[in-house]
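Heads up, data07.txt below (compact mmCIF, C-alpha atoms and all ligand atoms):
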```
# COMPACT_ATOMS: atom_id res chain seq x y z
CA MET A 1 -30.45 142.33 160.47
CA ASP A 2 -30.68 143.85 157.02
CA LEU A 3 -31.42 147.45 156.23
CA TYR A 4 -35.02 146.86 155.20
CA ALA A 5 -35.89 144.95 158.33
CA GLU A 6 -34.41 147.79 160.38
CA GLU A 7 -36.60 150.28 158.60
CA ILE A 8 -39.69 148.15 159.31
CA ILE A 9 -38.80 148.00 163.01
CA SER A 10 -38.09 151.73 163.12
CA HIS A 11 -41.51 152.58 161.60
CA TYR A 12 -43.17 150.07 163.92
CA GLU A 13 -41.58 151.61 167.01
CA HIS A 14 -42.02 155.21 165.86
CA PRO A 15 -45.00 155.23 163.51
CA HIS A 16 -45.64 158.30 161.36
CA ASN A 17 -49.13 159.80 161.06
CA LYS A 18 -50.52 157.80 163.96
CA GLY A 19 -53.54 159.17 165.80
CA ARG A 20 -57.13 160.05 165.16
CA MET A 21 -58.37 162.87 162.98
CA ASP A 22 -61.49 164.79 163.86
CA ASN A 23 -63.44 166.11 160.88
CA ALA A 24 -61.76 163.77 158.37
CA SER A 25 -63.28 163.76 154.87
CA VAL A 26 -63.60 160.00 155.15
CA SER A 27 -62.60 157.35 157.67
CA LEU A 28 -62.71 153.61 157.38
CA HIS A 29 -61.90 150.64 159.58
CA ARG A 30 -60.47 147.41 158.20
CA ASP A 31 -59.00 144.32 159.80
CA ASN A 32 -57.02 141.26 158.95
CA PRO A 33 -58.52 138.52 161.12
CA THR A 34 -55.92 135.90 160.17
CA CYS A 35 -53.28 137.89 162.08
CA GLY A 36 -55.34 140.13 164.34
CA ASP A 37 -54.29 143.40 162.69
CA GLU A 38 -56.83 146.20 162.67
CA MET A 39 -56.72 149.85 161.69
CA THR A 40 -58.78 152.92 161.01
CA ILE A 41 -57.65 155.22 158.23
CA TYR A 42 -58.57 158.91 158.20
CA LEU A 43 -58.23 160.93 155.01
CA SER A 44 -58.59 164.65 154.55
CA VAL A 45 -59.25 165.51 150.91
CA ASP A 46 -58.82 169.06 149.60
CA LYS A 47 -60.84 170.89 146.91
CA GLU A 48 -58.51 169.67 144.15
CA GLY A 49 -59.08 166.04 145.13
CA ARG A 50 -55.69 165.58 146.79
CA ILE A 51 -54.90 164.04 150.14
CA SER A 52 -54.02 167.02 152.32
CA ASP A 53 -53.65 164.91 155.46
CA VAL A 54 -53.84 161.29 156.51
CA LYS A 55 -53.77 159.51 159.86
CA PHE A 56 -54.20 155.97 161.11
CA GLU A 57 -55.03 154.28 164.36
CA GLY A 58 -54.75 150.61 165.10
CA ASN A 59 -52.96 147.62 166.45
CA GLY A 60 -51.21 144.74 164.85
CA CYS A 61 -47.97 143.08 163.89
CA ALA A 62 -44.82 144.96 162.90
CA ILE A 63 -45.41 144.56 159.16
CA SER A 64 -48.98 145.86 159.23
CA MET A 65 -48.11 148.86 161.41
CA ALA A 66 -44.86 149.71 159.60
CA SER A 67 -46.58 149.51 156.22
CA ALA A 68 -49.35 151.82 157.49
CA SER A 69 -46.71 154.29 158.67
CA MET A 70 -44.89 154.24 155.31
CA MET A 71 -48.05 154.15 153.22
CA THR A 72 -49.58 157.16 154.98
CA ASP A 73 -46.36 159.11 154.36
CA HIS A 74 -46.46 158.03 150.73
CA VAL A 75 -50.06 159.02 149.91
CA LYS A 76 -49.89 162.50 151.42
CA GLY A 77 -50.27 165.02 148.58
CA LYS A 78 -51.35 162.37 146.07
CA SER A 79 -54.58 162.61 144.07
CA LEU A 80 -57.44 160.18 144.58
CA GLY A 81 -56.83 158.82 141.07
CA GLU A 82 -53.17 158.12 141.85
CA ILE A 83 -54.16 156.19 144.96
CA GLU A 84 -56.83 154.20 143.14
CA SER A 85 -54.26 153.05 140.58
CA MET A 86 -51.80 151.81 143.23
CA GLY A 87 -51.31 148.08 143.58
CA VAL A 88 -49.40 145.46 145.53
CA LYS A 89 -46.25 146.08 143.47
CA ASP A 90 -46.17 149.72 144.57
CA LEU A 91 -46.57 148.65 148.18
CA ILE A 92 -43.76 146.08 148.06
CA GLU A 93 -41.49 148.66 146.44
CA LEU A 94 -42.39 151.14 149.16
CA ILE A 95 -41.83 148.89 152.17
CA GLY A 96 -38.70 147.39 150.63
CA ILE A 97 -39.40 143.75 151.43
CA ASP A 98 -41.47 141.02 149.84
CA PRO A 99 -43.62 139.89 152.76
CA GLY A 100 -44.36 136.49 151.20
CA PRO A 101 -47.80 134.89 151.05
CA ALA A 102 -48.17 134.43 154.81
CA ARG A 103 -47.67 138.12 155.58
CA LEU A 104 -49.08 139.67 152.44
CA LYS A 105 -52.43 140.53 154.03
CA CYS A 106 -50.61 142.23 156.91
CA ALA A 107 -48.59 144.35 154.49
CA THR A 108 -51.52 145.25 152.24
CA LEU A 109 -54.03 146.10 154.99
CA SER A 110 -53.14 149.81 154.96
CA LEU A 111 -53.17 150.00 151.16
CA ARG A 112 -56.55 148.30 151.06
CA ALA A 113 -58.01 150.59 153.73
CA ILE A 114 -56.68 153.75 152.06
CA LYS A 115 -57.90 152.67 148.61
CA GLU A 116 -61.33 151.66 149.91
CA ALA A 117 -61.58 154.99 151.74
CA THR A 118 -61.04 156.86 148.46
CA PHE A 119 -63.73 154.79 146.74
CA VAL A 120 -66.15 155.42 149.62
CA TYR A 121 -65.32 159.14 149.48
CA GLU A 122 -66.11 159.24 145.76
CA HIS A 123 -69.21 157.05 146.13
CA LYS A 124 -67.71 154.54 143.74
CA PRO A 125 -67.83 150.75 144.06
CA VAL A 126 -64.60 149.22 145.35
CA ASP A 127 -62.61 147.77 142.46
CA ALA A 128 -61.84 144.07 142.15
CA PRO A 129 -58.07 144.29 142.85
CA THR A 130 -58.76 146.19 146.07
CA LYS A 131 -61.28 143.61 147.21
CA SER A 132 -58.74 140.84 146.76
CA LEU A 133 -55.97 142.58 148.74
ZN ZN B 201 -50.14 141.01 160.73
```
How does the structure come out when it is put into structure tokens?
Amino acid sequence: MDLYAEEIISHYEHPHNKGRMDNASVSLHRDNPTCGDEMTIYLSVDKEGRISDVKFEGNGCAISMASASMMTDHVKGKSLGEIESMGVKDLIELIGIDPGPARLKCATLSLRAIKEATFVYEHKPVDAPTKSL
């Protein structure tokens, strides 16, 4: 097993930031019906428009859950603008593997949910790249 796969398994078995958040600034549920992955993202946004805390709840395959664990670590402390400009390339760099077309929707589910949550929080329409994730 290579190093990246080990990291995916480790995040899957011991996910970071997992659990619900009461009084979140925004929460949002998204699923990936082709695989059966589903998750709810909770964001807490501070006065400066930064993510002060983030949690997720859900079930799914190793890639979807590991990417949610890594992605939630990654966005903590980031501004809403920084999150809105993130794309698939950033995600692949973060998780360290290219999931390939079959697993791409698993890997991007957390990114999509987090990005959509920021748009909802700001009362802005979801952008086209996010819709296609
Ligand atoms: Zn999946």
- Which is closer to Lys18 (chain A) than all the others in A:Thr130, A:Thr72, A:Ser64, A:Ser110, using all atoms listed in the file? A:Thr72
Proximity check chain A to ligand ZN 201 (chain B), 10 Å, nearest pairs one decimal Å, only C-alpha atoms and all ligand atoms, as a tab-separated table:
```
residue	atom	partner	partner_atom	distance
A:Asp31	CA	B:ZN201	ZN	9.5
A:Asn32	CA	B:ZN201	ZN	7.1
A:Pro33	CA	B:ZN201	ZN	8.8
A:Thr34	CA	B:ZN201	ZN	7.7
A:Cys35	CA	B:ZN201	ZN	4.6
A:Gly36	CA	B:ZN201	ZN	6.4
A:Asp37	CA	B:ZN201	ZN	5.2
A:Glu38	CA	B:ZN201	ZN	8.7
A:Asn59	CA	B:ZN201	ZN	9.2
A:Gly60	CA	B:ZN201	ZN	5.7
A:Cys61	CA	B:ZN201	ZN	4.4
A:Ala62	CA	B:ZN201	ZN	7.0
A:Ile63	CA	B:ZN201	ZN	6.1
A:Ser64	CA	B:ZN201	ZN	5.2
A:Met65	CA	B:ZN201	ZN	8.1
A:Ala102	CA	B:ZN201	ZN	9.1
A:Arg103	CA	B:ZN201	ZN	6.4
A:Leu104	CA	B:ZN201	ZN	8.5
A:Lys105	CA	B:ZN201	ZN	7.1
A:Cys106	CA	B:ZN201	ZN	4.0
A:Ala107	CA	B:ZN201	ZN	7.2
A:Thr108	CA	B:ZN201	ZN	9.6
A:Leu109	CA	B:ZN201	ZN	8.6
```
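As for CA of Ala5 (chain A) and CA of Met71 (chain A), they are spaced 16.1 Å apart.
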- Message: Could you list, as a PyMOL selection string, every residue within 8 Å of region 116-126 of chain A, counting only C-alpha atoms and ignoring same-chain residues fewer than 6 positions away?
- Response: chain A and resi 25-28+41+43+80+83-84
Export, as a PDB file, in the coordinates of the input, the selected residues with C-alpha atoms.
```
ATOM      1  CA  SER A  25     -63.280 163.760 154.870  1.00  0.00           C
ATOM      2  CA  VAL A  26     -63.600 160.000 155.150  1.00  0.00           C
ATOM      3  CA  SER A  27     -62.600 157.350 157.670  1.00  0.00           C
ATOM      4  CA  LEU A  28     -62.710 153.610 157.380  1.00  0.00           C
ATOM      5  CA  ILE A  41     -57.650 155.220 158.230  1.00  0.00           C
ATOM      6  CA  LEU A  43     -58.230 160.930 155.010  1.00  0.00           C
ATOM      7  CA  LEU A  80     -57.440 160.180 144.580  1.00  0.00           C
ATOM      8  CA  ILE A  83     -54.160 156.190 144.960  1.00  0.00           C
ATOM      9  CA  GLU A  84     -56.830 154.200 143.140  1.00  0.00           C
TER      10      GLU A  84
END
```
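Taking CA of Val75 (chain A) and CA of Leu111 (chain A) as endpoints, the distance between them is 9.6 Å.
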- Item | Computed interatomic separation between CA of Lys47 (chain A) and CA of Gly19 (chain A) (Å) | 23.4 Å
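Using all atoms listed in the file, the shortest contact distance between Lys76 (chain A) and any of A:His14, A:Ile9, A:Ser44, A:Arg30 is found at A:Ser44.
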- Task: Give the answer as one residue: which of A:Met39, A:Ile95, A:Ile114, A:Ile8 has the shortest atom-to-atom distance to Arg20 (chain A), using all atoms listed in the file?
- Result: A:Met39
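With only C-alpha atoms as the basis for measurement, A:Leu133 is the residue among A:Phe56, A:Leu133, A:Tyr42, A:Gly49 that approaches Met86 (chain A) most closely.
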Six-sided padding of 6 Å per side, axis-aligned box over region 68-76 of chain A, centre and edges in Å, one decimal, as AutoDock Vina command-line options:
```
--center_x -47.5 --center_y 157.2 --center_z 154.3 --size_x 17.2 --size_y 22.7 --size_z 20.8
```
- Message: Counting only C-alpha atoms, which residue out of A:Lys115, A:Asp98, A:Glu93, A:Ala68 sits closest to Ile51 (chain A)?
- Response: A:Lys115
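Distances from A:Pro101, A:Leu94, A:Ser79, A:Ser85 to Asp127 (chain A) were compared using all atoms listed in the file, and the smallest one belongs to A:Ser85.
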